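Note sheet for the following structure.
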Amino acid sequence: MKKVWKWLLLIVVVLLAAGGAYYYAQRPLSHEPQPAKIVKKHVRLVAIGDSLTYGQEDEKNNGGYVGQIKPALEKKYNTKVSTWNYGVSGDRSDQILKRLNNQPKMRKNLRKADVIVMTVGGNDLMQKLEGDLLSSPKGVDKDVAKAKLVYHKKLMALFKAVRKQNPHAPIFLFSIYNPVYTYFPQVSIINDSIAKWNQTSKSTVQKFQPAYFVDIDHLMSYGQYKTKHDRAKLMKTSKEVNQTAISQKQVVAIMDHNDKNLNEYISTDDNFHPNHRGYTQITKALLKQMEKHDSFMYEKS
């Protein structure tokens with residue numbers, strides 16, 4: 001009889017425990033439920049900058065990365081994306097600022113932008129690397145150091161002007177790259193100058209949050225030579241392997257050679273700007289950063 005009572009007591013305890021567990025599992029959580037994220041029905045993207053924003057040398061005339069990021073975002077987020085392209089080939093940072101100050105429509109669209117994409121700095125640096133300066137590594141290093149200070153001031157002025165029109169939209173800023181790396185992989189002074197320039201751009205734009213740096217330096221400079229082994233092989237077979245500097249004459253000769261480029265992402269028309277394939281790579285890098293910081297795609301709660 002005692003055994004029967006023990007079994008009955010055990011059953012009652014198990015049932016009570018099961019009932020308690022069910023109650024706690026079914027009861028509402030104490031914290032507030034998180035609201036569902038709602039994608040905006042219409043996203044406005046404004047791109048400003050130089051020839052990379054303009055889409056120069058995109059042989060498919062698709063507007064470079066601006067033409068490709070639009071359908072990429074629409075497909076990813078199932079929404080409508082409108083773009084405004086204010087890229088002008090050859091513009092330096094101060095010239096982009098001048099256009100911004102002189103174009104009411106540009107300022108108007110910036111104010112309405114949900115996201116801003118920018119390319120700037122390449123022409124500022126190239127201005128300092130022209131002429132016989134390329135033949136003197138010490139001269140390049142010294143001149144770039146001075147030019148960085150001027151560039152920083154111009155960049156600050158440009159970003160302040162952008163933020164004056166739109167304090168909230170995230171800014172995605174592209175880096176610059178070395179278009180002749182595959183021809184002169186051993187000439188470190190160019191790579192070093194570009195790295196320093198990019199660091200100035202990155203540190204400056206980060207003062208204007210929300211802002212994100214899209215680094216395409218190695219992506220576009222190295223092209224299809226993606227591994228260290230590939231680049232070592234490239235350097236070994238370089239015709240100018242014993243050089244430590246290059247002249248303007250050599251660079252011009254490469255730019256004028258329009259049959260082939262050693263970098264599969266660079267246009268054979270000018271051997272400087274991306275081709276359509278290169279713009280596709282740039283767009284992928286931009287999309288990857290946008291996906292990490294995609295609050296601009298959603299309605300505010």
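Here's how to read the names in the structure tokens: chain A, B, ... by the order shown, residue numbers from 1 in each chain, ligand numbers from 1 in the order shown.
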Write out as a list in words which residues come within 10 Å of Ser193 (chain A) when counting only C-alpha atoms, dropping same-chain ones fewer than 2 positions away.
-> Leu125, Leu129, Val140, Asp141, Asp143, Val144, Ala145, Lys148, Asn178, Ser188, Ile189, Ile190, Asn191, Ala195, Lys196, Trp197, Asn198 and Gln199 of chain A
List every residue of region 174-280 of chain A that DSSP, applied to the backbone of this structure, assigns to strand (DSSP E), and report them as a list of chain:residue names.
->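 Residues of region 174-280 of chain A classed as strand (DSSP E): A:Phe174, A:Ala211, A:Tyr212, A:Phe213, A:Val214.
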What does the distance from CA of Met297 (chain A) to CA of Thr280 (chain A) come to in Å, to one decimal?
->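 CA of Met297 (chain A) sits 21.4 Å away from CA of Thr280 (chain A).
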Nearest to Thr182 (chain A) among A:Glu291, A:Glu264, A:Asp215, A:Asp114, with distances taken over only C-alpha atoms: which residue is it?
->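 Looking at the shortest contact to Thr182 (chain A), the residue is A:Glu264.
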Output as CSV one row per residue of region 101-187 of chain A within 10 Å of region 82-92 of chain A: the closest atom pair and its distance in Å to one decimal place, counting only C-alpha atoms, sorted by chain and residue number ascending.
residue,atom,partner,partner_atom,distance
A:Met106,CA,A:Tyr86,CA,7.5
A:Asn109,CA,A:Trp84,CA,7.6
A:Leu110,CA,A:Trp84,CA,9.1
A:Ala113,CA,A:Thr83,CA,9.2
A:Val115,CA,A:Thr83,CA,9.8
A:Ile116,CA,A:Trp84,CA,9.8
A:Val117,CA,A:Asn85,CA,9.5
A:Met118,CA,A:Gly87,CA,8.7
A:Thr119,CA,A:Gly87,CA,8.2
A:Val120,CA,A:Arg92,CA,6.8
A:Gly121,CA,A:Arg92,CA,6.5
A:Gly122,CA,A:Arg92,CA,7.5
A:Asn123,CA,A:Arg92,CA,5.2
A:Asp124,CA,A:Arg92,CA,5.3
A:Leu125,CA,A:Arg92,CA,8.8
A:Met126,CA,A:Arg92,CA,9.6
A:Gln127,CA,A:Arg92,CA,8.9
A:Tyr151,CA,A:Arg92,CA,9.5
A:Lys154,CA,A:Arg92,CA,9.4
A:Leu155,CA,A:Arg92,CA,9.8
Go ahead and compute the interatomic distance for CA of Lys164 (chain A) and CA of Arg44 (chain A), in Å to one decimal.
->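 Distance reported for this atom pair: 17.7 Å.
Omitting Ala232 (chain A) and its sequence neighbours fewer than 4 positions away, and counting only C-alpha atoms, the residues within 12 Å are Thr182, Pro185, Gln186, Tyr222, Tyr225, Lys226, Thr227, Lys228, Lys236, Thr237, Ser238 and Val241 of chain A.
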